Protein chains: 2
Amino acid sequence: MARAATTADAFNAVAEPRRRQILDALAGGERPVNELVGVLGLAQPQVSKHLRVLREVGAVAVREDGRRRLYRLNGRALKPIHDWVKAYEQSWSERFDRLDVVLEELKKEEGDGSDE
Amino acid sequence: MARAATTADAFNAVAEPRRRQILDALAGGERPVNELVGVLGLAQPQVSKHLRVLREVGAVAVREDGRRRLYRLNGRALKPIHDWVKAYEQSWSERFDRLDVVLEELKKEEGDGSDE
DNA sequence: ACAACACATTCCCATATAGGTATATAATCG
DNA sequence: CGATTATATACCTATATGGGAATGTGTTGT
């Protein structure tokens, strides 16, 4: 075998920057495909394909409105990602069990306040 | 062009299940490659390659110990993922602006406490 | 120095895409 | 009905990439 199908889970759906853009755009409410095309500056078929992937992982839902399809965000599909990454949150916020990291935190604190 | 390089950012690094497994394994502390090979049940070269990807996005750090390389988690590289997905957290926990979701929340509350 | 060990890198290959272009489908309008 | 609009799908191509196998590199032990 060579490569596992990626578009089958939320992690991969979201790994694609365009798809994250789509979700971000949908955060403001449901939108027709054409509007997303405008926002992304991408060709319509590509947007439809990304939407399909997002649909298949349940990250978006569609609603028919005449000849338009209104896509709507379904953030719940992103919960597994949140749950997984949440377990690592301590490593950059608390970091209670590793000394070198604590030192790094202190250094950062007396240096600049930026976090990235 | 055809496909953007994926291994360049944390989102893609983590999209690969094996790499998530590696990070999960490293959550318990630093480990040599050989041990990760055992945990993953994958061949050593593959593990090394996944580790390389994780290294390149800064998700792990290496330390030399004789002829072994001890890999250590650097959860901080996952912060962008957390930050991004966090914005969607409301859609499955609070959901203050959509009635159907509020109802779903209520139903869940009087039903069982599980969230998945 | 030599053998064994731990790990990284390279080469190969099958496959999964992402974007491009053309086309199918469906709804609305005149 | 014919034309236009909105969206989905099919087909093509270049490329990224994951696993497999072989090999390179460095370290330890004798």
# chains A, B, ... in the order shown; residues from 1 in each chain; ligands from 1
$ closest_atom_pairs --of "chain D" --to "range 38-53 of chain A" --cutoff "10 Å" --atoms "only C-alpha atoms (C1' of nucleotides)" --output "JSON lines"
{"residue": "D:DA6", "atom": "C1'", "partner": "A:Gln44", "partner_atom": "CA", "distance": 9.8}
{"residue": "D:DT7", "atom": "C1'", "partner": "A:Ser48", "partner_atom": "CA", "distance": 7.4}
{"residue": "D:DA8", "atom": "C1'", "partner": "A:Ser48", "partner_atom": "CA", "distance": 6.9}
{"residue": "D:DT9", "atom": "C1'", "partner": "A:Pro45", "partner_atom": "CA", "distance": 8.8}
$ write_last_selection --atoms "N, CA and C atoms (P, O5', C5', C4', C3', O3' and C1' of nucleotides)" --output "PDB file, in the first residue's frame"
ATOM      1  P    DA D   6     -25.636  33.215 -10.452  1.00  0.00           P
ATOM      2  O5'  DA D   6     -25.741  31.694 -10.032  1.00  0.00           O
ATOM      3  C5'  DA D   6     -26.904  31.223  -9.374  1.00  0.00           C
ATOM      4  C4'  DA D   6     -26.647  29.829  -8.836  1.00  0.00           C
ATOM      5  C3'  DA D   6     -25.277  29.662  -8.156  1.00  0.00           C
ATOM      6  O3'  DA D   6     -25.459  28.952  -6.935  1.00  0.00           O
ATOM      7  C1'  DA D   6     -25.529  28.058  -9.882  1.00  0.00           C
ATOM      8  P    DT D   7     -24.217  28.780  -5.967  1.00  0.00           P
ATOM      9  O5'  DT D   7     -23.840  27.266  -6.292  1.00  0.00           O
ATOM     10  C5'  DT D   7     -24.880  26.293  -6.185  1.00  0.00           C
ATOM     11  C4'  DT D   7     -24.446  24.965  -6.783  1.00  0.00           C
ATOM     12  C3'  DT D   7     -23.130  24.402  -6.254  1.00  0.00           C
ATOM     13  O3'  DT D   7     -23.440  23.234  -5.521  1.00  0.00           O
ATOM     14  C1'  DT D   7     -23.362  24.065  -8.592  1.00  0.00           C
ATOM     15  P    DA D   8     -22.294  22.349  -4.900  1.00  0.00           P
ATOM     16  O5'  DA D   8     -22.244  21.135  -5.940  1.00  0.00           O
ATOM     17  C5'  DA D   8     -23.448  20.462  -6.269  1.00  0.00           C
ATOM     18  C4'  DA D   8     -23.168  19.333  -7.257  1.00  0.00           C
ATOM     19  C3'  DA D   8     -22.033  18.395  -6.855  1.00  0.00           C
ATOM     20  O3'  DA D   8     -22.420  17.060  -7.164  1.00  0.00           O
ATOM     21  C1'  DA D   8     -21.567  19.340  -8.972  1.00  0.00           C
ATOM     22  P    DT D   9     -21.530  15.823  -6.626  1.00  0.00           P
ATOM     23  O5'  DT D   9     -20.976  15.225  -8.003  1.00  0.00           O
ATOM     24  C5'  DT D   9     -21.487  15.715  -9.194  1.00  0.00           C
ATOM     25  C4'  DT D   9     -20.834  15.061 -10.395  1.00  0.00           C
ATOM     26  C3'  DT D   9     -19.713  14.078 -10.116  1.00  0.00           C
ATOM     27  O3'  DT D   9     -19.826  13.012 -11.049  1.00  0.00           O
ATOM     28  C1'  DT D   9     -18.878  15.878 -11.428  1.00  0.00           C
TER      29       DT D   9
END
$ interface_residues --of "chain B" --to "chain A" --cutoff "9 Å" --atoms "only C-alpha atoms" --output "ChimeraX atom specification"
/B:4,6,9-17,20,27,73-82,84-86,88-93,116
$ interface_residues --of "chain C" --to "chain A" --cutoff "10 Å" --atoms "only C-alpha atoms (C1' of nucleotides)" --output "PDB file with N, CA and C atoms (P, O5', C5', C4', C3', O3' and C1' of nucleotides), in the first residue's frame"
ATOM      1  P    DC C  13      10.230   1.224  -9.448  1.00  0.00           P
ATOM      2  O5'  DC C  13       8.831   1.188  -8.696  1.00  0.00           O
ATOM      3  C5'  DC C  13       8.617   0.233  -7.656  1.00  0.00           C
ATOM      4  C4'  DC C  13       7.280   0.501  -7.002  1.00  0.00           C
ATOM      5  C3'  DC C  13       6.195   0.945  -7.978  1.00  0.00           C
ATOM      6  O3'  DC C  13       4.971   0.326  -7.621  1.00  0.00           O
ATOM      7  C1'  DC C  13       6.399   2.522  -6.264  1.00  0.00           C
ATOM      8  P    DA C  14       3.876   0.005  -8.730  1.00  0.00           P
ATOM      9  O5'  DA C  14       2.511   0.124  -7.922  1.00  0.00           O
ATOM     10  C5'  DA C  14       2.448  -0.358  -6.582  1.00  0.00           C
ATOM     11  C4'  DA C  14       1.531   0.520  -5.761  1.00  0.00           C
ATOM     12  C3'  DA C  14       0.265   0.948  -6.503  1.00  0.00           C
ATOM     13  O3'  DA C  14      -0.849   0.795  -5.635  1.00  0.00           O
ATOM     14  C1'  DA C  14       1.421   2.867  -5.709  1.00  0.00           C
ATOM     15  P    DT C  15      -2.297   1.050  -6.134  1.00  0.00           P
ATOM     16  O5'  DT C  15      -2.616   2.451  -5.445  1.00  0.00           O
ATOM     17  C5'  DT C  15      -2.269   2.633  -4.081  1.00  0.00           C
ATOM     18  C4'  DT C  15      -2.463   4.077  -3.690  1.00  0.00           C
ATOM     19  C3'  DT C  15      -3.727   4.718  -4.269  1.00  0.00           C
ATOM     20  O3'  DT C  15      -4.324   5.456  -3.225  1.00  0.00           O
ATOM     21  C1'  DT C  15      -1.888   6.080  -4.682  1.00  0.00           C
ATOM     22  P    DA C  16      -5.885   5.668  -3.193  1.00  0.00           P
ATOM     23  O5'  DA C  16      -5.975   7.037  -2.394  1.00  0.00           O
ATOM     24  C5'  DA C  16      -5.031   7.292  -1.355  1.00  0.00           C
ATOM     25  C4'  DA C  16      -4.693   8.766  -1.318  1.00  0.00           C
ATOM     26  C3'  DA C  16      -5.893   9.672  -1.573  1.00  0.00           C
ATOM     27  O3'  DA C  16      -5.838  10.758  -0.658  1.00  0.00           O
ATOM     28  C1'  DA C  16      -4.164  10.189  -3.107  1.00  0.00           C
ATOM     29  P    DT C  17      -7.045  11.632  -0.406  1.00  0.00           P
ATOM     30  O5'  DT C  17      -7.342  12.068  -1.861  1.00  0.00           O
ATOM     31  C5'  DT C  17      -7.445  13.366  -2.173  1.00  0.00           C
ATOM     32  C4'  DT C  17      -6.139  14.179  -2.168  1.00  0.00           C
ATOM     33  C3'  DT C  17      -6.466  15.567  -2.653  1.00  0.00           C
ATOM     34  O3'  DT C  17      -5.686  16.517  -1.961  1.00  0.00           O
ATOM     35  C1'  DT C  17      -4.926  14.555  -4.119  1.00  0.00           C
ATOM     36  P    DA C  18      -6.486  17.666  -1.290  1.00  0.00           P
ATOM     37  O5'  DA C  18      -6.127  18.871  -2.261  1.00  0.00           O
ATOM     38  C5'  DA C  18      -4.808  19.399  -2.244  1.00  0.00           C
ATOM     39  C4'  DA C  18      -4.605  20.265  -3.460  1.00  0.00           C
ATOM     40  C3'  DA C  18      -5.798  21.152  -3.782  1.00  0.00           C
ATOM     41  O3'  DA C  18      -5.347  22.445  -4.136  1.00  0.00           O
ATOM     42  C1'  DA C  18      -5.282  19.777  -5.656  1.00  0.00           C
ATOM     43  P    DG C  19      -6.409  23.562  -4.357  1.00  0.00           P
ATOM     44  O5'  DG C  19      -6.184  23.891  -5.908  1.00  0.00           O
ATOM     45  C5'  DG C  19      -4.872  24.141  -6.374  1.00  0.00           C
ATOM     46  C4'  DG C  19      -4.831  23.972  -7.874  1.00  0.00           C
ATOM     47  C3'  DG C  19      -5.905  24.783  -8.615  1.00  0.00           C
ATOM     48  O3'  DG C  19      -5.292  25.507  -9.671  1.00  0.00           O
ATOM     49  C1'  DG C  19      -5.952  22.521  -9.313  1.00  0.00           C
ATOM     50  P    DG C  20      -6.161  26.471 -10.578  1.00  0.00           P
ATOM     51  O5'  DG C  20      -6.358  25.628 -11.928  1.00  0.00           O
ATOM     52  C5'  DG C  20      -5.214  25.118 -12.591  1.00  0.00           C
ATOM     53  C4'  DG C  20      -5.600  24.612 -13.968  1.00  0.00           C
ATOM     54  C3'  DG C  20      -6.711  25.423 -14.644  1.00  0.00           C
ATOM     55  O3'  DG C  20      -6.426  25.587 -16.031  1.00  0.00           O
ATOM     56  C1'  DG C  20      -7.408  23.150 -14.380  1.00  0.00           C
ATOM     57  P    DT C  21      -7.387  26.475 -16.934  1.00  0.00           P
ATOM     58  O5'  DT C  21      -8.330  25.380 -17.608  1.00  0.00           O
ATOM     59  C5'  DT C  21      -7.750  24.225 -18.207  1.00  0.00           C
ATOM     60  C4'  DT C  21      -8.829  23.365 -18.842  1.00  0.00           C
ATOM     61  C3'  DT C  21     -10.011  24.137 -19.435  1.00  0.00           C
ATOM     62  O3'  DT C  21     -10.329  23.603 -20.704  1.00  0.00           O
ATOM     63  C1'  DT C  21     -10.798  22.519 -17.918  1.00  0.00           C
ATOM     64  P    DA C  26     -30.867  16.539 -12.384  1.00  0.00           P
ATOM     65  O5'  DA C  26     -31.340  17.819 -11.565  1.00  0.00           O
ATOM     66  C5'  DA C  26     -30.426  18.486 -10.706  1.00  0.00           C
ATOM     67  C4'  DA C  26     -30.797  19.943 -10.579  1.00  0.00           C
ATOM     68  C3'  DA C  26     -32.273  20.236 -10.895  1.00  0.00           C
ATOM     69  O3'  DA C  26     -32.762  21.096  -9.879  1.00  0.00           O
ATOM     70  C1'  DA C  26     -30.881  21.687 -12.119  1.00  0.00           C
ATOM     71  P    DA C  27     -34.316  21.240  -9.655  1.00  0.00           P
ATOM     72  O5'  DA C  27     -34.443  22.826  -9.577  1.00  0.00           O
ATOM     73  C5'  DA C  27     -33.531  23.541  -8.753  1.00  0.00           C
ATOM     74  C4'  DA C  27     -33.434  24.971  -9.229  1.00  0.00           C
ATOM     75  C3'  DA C  27     -34.793  25.623  -9.483  1.00  0.00           C
ATOM     76  O3'  DA C  27     -34.784  26.918  -8.907  1.00  0.00           O
ATOM     77  C1'  DA C  27     -33.409  25.861 -11.382  1.00  0.00           C
ATOM     78  P    DT C  28     -36.165  27.670  -8.696  1.00  0.00           P
ATOM     79  O5'  DT C  28     -35.938  28.975  -9.571  1.00  0.00           O
ATOM     80  C5'  DT C  28     -34.720  29.704  -9.411  1.00  0.00           C
ATOM     81  C4'  DT C  28     -34.558  30.695 -10.553  1.00  0.00           C
ATOM     82  C3'  DT C  28     -35.833  31.471 -10.892  1.00  0.00           C
ATOM     83  O3'  DT C  28     -35.519  32.855 -10.962  1.00  0.00           O
ATOM     84  C1'  DT C  28     -34.905  30.520 -12.843  1.00  0.00           C
TER      85       DT C  28
END
$ closest_residue --among "D:DG18, D:DT30, D:DC1, D:DC12" --to "chain B" --atoms "only C-alpha atoms (C1' of nucleotides)"
D:DG18
$ select_by_dssp --residues "range 31-97 of chain B" --states "alpha helix (DSSP H)" --output "list in words"
Val33, Asn34, Glu35, Leu36, Val37, Gly38, Val39, Leu40, Gln44, Pro45, Gln46, Val47, Ser48, Lys49, His50, Leu51, Arg52, Val53, Leu54, Arg55, Glu56, Lys79, Pro80, Ile81, His82, Asp83, Trp84, Val85 and Lys86 of chain B
$ write_last_selection --atoms "N, CA and C atoms" --output "compact mmCIF listing (two decimals), in the first residue's frame"
# COMPACT_ATOMS: atom_id res chain seq x y z
N VAL B 33 13.97 6.15 19.39
CA VAL B 33 13.26 5.73 18.19
C VAL B 33 12.81 4.28 18.27
N ASN B 34 13.71 3.46 18.74
CA ASN B 34 13.41 2.04 18.81
C ASN B 34 12.16 1.73 19.62
N GLU B 35 11.98 2.48 20.66
CA GLU B 35 10.80 2.27 21.49
C GLU B 35 9.54 2.68 20.75
N LEU B 36 9.65 3.75 20.00
CA LEU B 36 8.50 4.20 19.21
C LEU B 36 8.17 3.17 18.14
N VAL B 37 9.20 2.55 17.60
CA VAL B 37 8.98 1.50 16.62
C VAL B 37 8.14 0.40 17.23
N GLY B 38 8.48 0.07 18.46
CA GLY B 38 7.71 -0.95 19.16
C GLY B 38 6.28 -0.54 19.40
N VAL B 39 6.10 0.65 19.82
CA VAL B 39 4.76 1.15 20.12
C VAL B 39 3.89 1.20 18.87
N LEU B 40 4.46 1.71 17.80
CA LEU B 40 3.68 1.88 16.57
C LEU B 40 3.51 0.60 15.77
N GLN B 44 11.24 0.73 11.30
CA GLN B 44 12.06 1.83 11.81
C GLN B 44 12.22 3.00 10.83
N PRO B 45 12.51 2.74 9.56
CA PRO B 45 12.66 3.89 8.64
C PRO B 45 11.41 4.77 8.58
N GLN B 46 10.27 4.13 8.59
CA GLN B 46 9.02 4.90 8.54
C GLN B 46 8.89 5.79 9.78
N VAL B 47 9.21 5.22 10.90
CA VAL B 47 9.13 6.00 12.13
C VAL B 47 10.09 7.18 12.06
N SER B 48 11.30 6.92 11.58
CA SER B 48 12.27 8.00 11.45
C SER B 48 11.76 9.09 10.53
N LYS B 49 11.08 8.66 9.48
CA LYS B 49 10.57 9.65 8.53
C LYS B 49 9.45 10.49 9.15
N HIS B 50 8.60 9.83 9.90
CA HIS B 50 7.54 10.58 10.56
C HIS B 50 8.14 11.54 11.59
N LEU B 51 9.18 11.06 12.26
CA LEU B 51 9.82 11.91 13.25
C LEU B 51 10.45 13.12 12.59
N ARG B 52 10.94 12.91 11.40
CA ARG B 52 11.53 14.04 10.68
C ARG B 52 10.49 15.12 10.38
N VAL B 53 9.35 14.66 9.95
CA VAL B 53 8.27 15.62 9.67
C VAL B 53 7.91 16.37 10.95
N LEU B 54 7.77 15.62 12.01
CA LEU B 54 7.42 16.25 13.28
C LEU B 54 8.50 17.21 13.75
N ARG B 55 9.75 16.85 13.46
CA ARG B 55 10.86 17.72 13.82
C ARG B 55 10.79 19.02 13.02
N GLU B 56 10.51 18.86 11.74
CA GLU B 56 10.49 20.04 10.87
C GLU B 56 9.40 21.04 11.21
N LYS B 79 0.09 24.64 19.20
CA LYS B 79 -0.72 25.78 19.64
C LYS B 79 -1.55 26.39 18.51
N PRO B 80 -0.98 26.58 17.32
CA PRO B 80 -1.79 27.15 16.23
C PRO B 80 -3.04 26.34 15.96
N ILE B 81 -2.93 25.03 16.07
CA ILE B 81 -4.09 24.17 15.85
C ILE B 81 -5.12 24.43 16.94
N HIS B 82 -4.63 24.45 18.15
CA HIS B 82 -5.53 24.69 19.27
C HIS B 82 -6.22 26.04 19.13
N ASP B 83 -5.44 27.04 18.78
CA ASP B 83 -6.00 28.39 18.64
C ASP B 83 -7.08 28.42 17.57
N TRP B 84 -6.80 27.74 16.47
CA TRP B 84 -7.75 27.77 15.37
C TRP B 84 -9.04 27.04 15.75
N VAL B 85 -8.90 25.86 16.24
CA VAL B 85 -10.08 25.04 16.52
C VAL B 85 -10.86 25.57 17.72
N LYS B 86 -10.18 26.28 18.57
CA LYS B 86 -10.82 26.82 19.76
C LYS B 86 -11.95 27.78 19.39
$ interface_residues --of "chain D" --to "chain B" --cutoff "6 Å" --atoms "only C-alpha atoms (C1' of nucleotides)" --output "list in words"
DA14, DT15 and DT27 of chain D
